[in-house]
Amino acid sequence: MKKTLRILAGVTAAVTVGFWAGAGANRGLTKNLAEVRTLDPVTGIEGITYVKQFAPGVDFLVAGLAASGLALGVSMFYKRGGRRT
(Lines give C-alpha, C1' and ligand atoms only; values in the text may rest on other atoms or scores of the structure.)
Protein backbone atom coordinates (compact mmCIF):
# COMPACT_ATOMS: atom_id res chain seq x y z
CA MET A 1 0.00 0.00 0.00
CA LYS A 2 2.88 2.34 0.82
CA LYS A 3 4.46 1.91 -2.59
CA THR A 4 1.09 2.33 -4.33
CA LEU A 5 0.41 5.62 -2.56
CA ARG A 6 3.87 6.95 -3.41
CA ILE A 7 3.42 6.04 -7.07
CA LEU A 8 -0.02 7.67 -7.01
CA ALA A 9 1.49 10.82 -5.49
CA GLY A 10 4.17 11.00 -8.17
CA VAL A 11 1.72 10.43 -11.01
CA THR A 12 -0.70 13.01 -9.58
CA ALA A 13 2.05 15.61 -9.32
CA ALA A 14 3.32 14.91 -12.84
CA VAL A 15 -0.16 15.02 -14.40
CA THR A 16 -1.05 18.22 -12.54
CA VAL A 17 2.10 20.06 -13.61
CA GLY A 18 1.83 18.69 -17.15
CA PHE A 19 -1.80 19.74 -17.56
CA TRP A 20 -1.15 23.16 -16.03
CA ALA A 21 1.81 23.77 -18.34
CA GLY A 22 0.05 22.35 -21.40
CA ALA A 23 -3.10 24.40 -20.90
CA GLY A 24 -1.27 27.72 -20.74
CA ALA A 25 0.57 27.89 -17.39
CA ASN A 26 -1.46 30.86 -16.19
CA ARG A 27 0.43 32.40 -13.26
CA GLY A 28 -2.69 34.11 -11.93
CA LEU A 29 -5.94 32.59 -10.77
CA THR A 30 -7.95 30.18 -12.90
CA LYS A 31 -9.86 31.91 -15.70
CA ASN A 32 -12.86 30.81 -17.76
CA LEU A 33 -12.80 33.72 -20.22
CA ALA A 34 -9.96 34.92 -22.42
CA GLU A 35 -9.63 38.47 -23.70
CA VAL A 36 -9.19 38.89 -27.47
CA ARG A 37 -8.28 42.30 -28.90
CA THR A 38 -9.72 43.05 -32.33
CA LEU A 39 -9.08 46.00 -34.63
CA ASP A 40 -11.97 47.46 -36.57
CA PRO A 41 -10.78 47.76 -40.19
CA VAL A 42 -12.93 50.82 -40.97
CA THR A 43 -12.44 53.03 -37.92
CA GLY A 44 -9.15 51.63 -36.65
CA ILE A 45 -10.53 51.42 -33.11
CA GLU A 46 -9.34 48.55 -31.00
CA GLY A 47 -12.06 46.55 -29.25
CA ILE A 48 -12.03 43.78 -26.68
CA THR A 49 -14.15 40.65 -26.93
CA TYR A 50 -14.20 37.66 -24.60
CA VAL A 51 -14.22 34.01 -25.61
CA LYS A 52 -14.75 30.99 -23.39
CA GLN A 53 -11.40 29.37 -22.67
CA PHE A 54 -10.26 27.46 -19.59
CA ALA A 55 -6.86 28.53 -18.30
CA PRO A 56 -5.85 26.74 -15.07
CA GLY A 57 -4.09 29.06 -12.67
CA VAL A 58 -1.78 28.70 -9.72
CA ASP A 59 -4.73 27.70 -7.51
CA PHE A 60 -5.27 24.64 -9.73
CA LEU A 61 -1.57 23.82 -9.50
CA VAL A 62 -1.50 24.20 -5.71
CA ALA A 63 -4.60 22.03 -5.27
CA GLY A 64 -3.15 19.24 -7.41
CA LEU A 65 0.21 19.33 -5.67
CA ALA A 66 -1.53 19.42 -2.26
CA ALA A 67 -3.45 16.25 -3.19
CA SER A 68 -0.16 14.68 -4.22
CA GLY A 69 1.44 15.73 -0.94
CA LEU A 70 -1.51 14.32 0.99
CA ALA A 71 -1.09 10.93 -0.66
CA LEU A 72 2.63 11.04 0.07
CA GLY A 73 1.95 12.01 3.69
CA VAL A 74 -0.56 9.20 4.18
CA SER A 75 1.98 6.73 2.79
CA MET A 76 4.33 7.63 5.65
CA PHE A 77 1.95 6.03 8.16
CA TYR A 78 2.19 2.57 6.60
CA LYS A 79 4.84 0.17 7.81
CA ARG A 80 7.54 -0.96 5.47
CA GLY A 81 6.58 -4.02 3.45
CA GLY A 82 2.96 -4.04 4.52
CA ARG A 83 1.11 -7.06 5.94
CA ARG A 84 2.26 -10.55 5.09
CA THR A 85 0.17 -13.66 5.52
# chains A, B, ... in the order shown; residues from 1 in each chain; ligands from 1
$ residues_around --residues "Gly22 (chain A)" --least-positions-apart "5" --cutoff "10 Å" --atoms "only C-alpha atoms" --output "list of chain:residue names"
A:Thr16, A:Val17, A:Ala55, A:Pro56
$ residues_around --residues "Ser68 (chain A)" --least-positions-apart "5" --cutoff "8 Å" --atoms "only C-alpha atoms" --output "list in words"
Leu8, Ala9, Gly10, Thr12 and Ala13 of chain A
$ select_by_dssp --residues "chain A" --states "strand (DSSP E)" --output "PyMOL selection string"
chain A and resi 31-39+46-55
$ atom_distance --atom1 "CA of Gly64 (chain A)" --atom2 "CA of Gly18 (chain A)"
11.0 Å
$ residues_around --residues "Leu33 (chain A)" --least-positions-apart "2" --cutoff "6 Å" --atoms "only C-alpha atoms" --output "PyMOL selection string"
chain A and resi 31+51-53
$ residues_around --residues "Arg27 (chain A)" --least-positions-apart "3" --cutoff "10 Å" --atoms "only C-alpha atoms" --output "VMD selection string"
chain A and resid 20 24 30 55 to 59 61
$ atom_distance --atom1 "CA of Leu5 (chain A)" --atom2 "CA of Val74 (chain A)"
7.7 Å
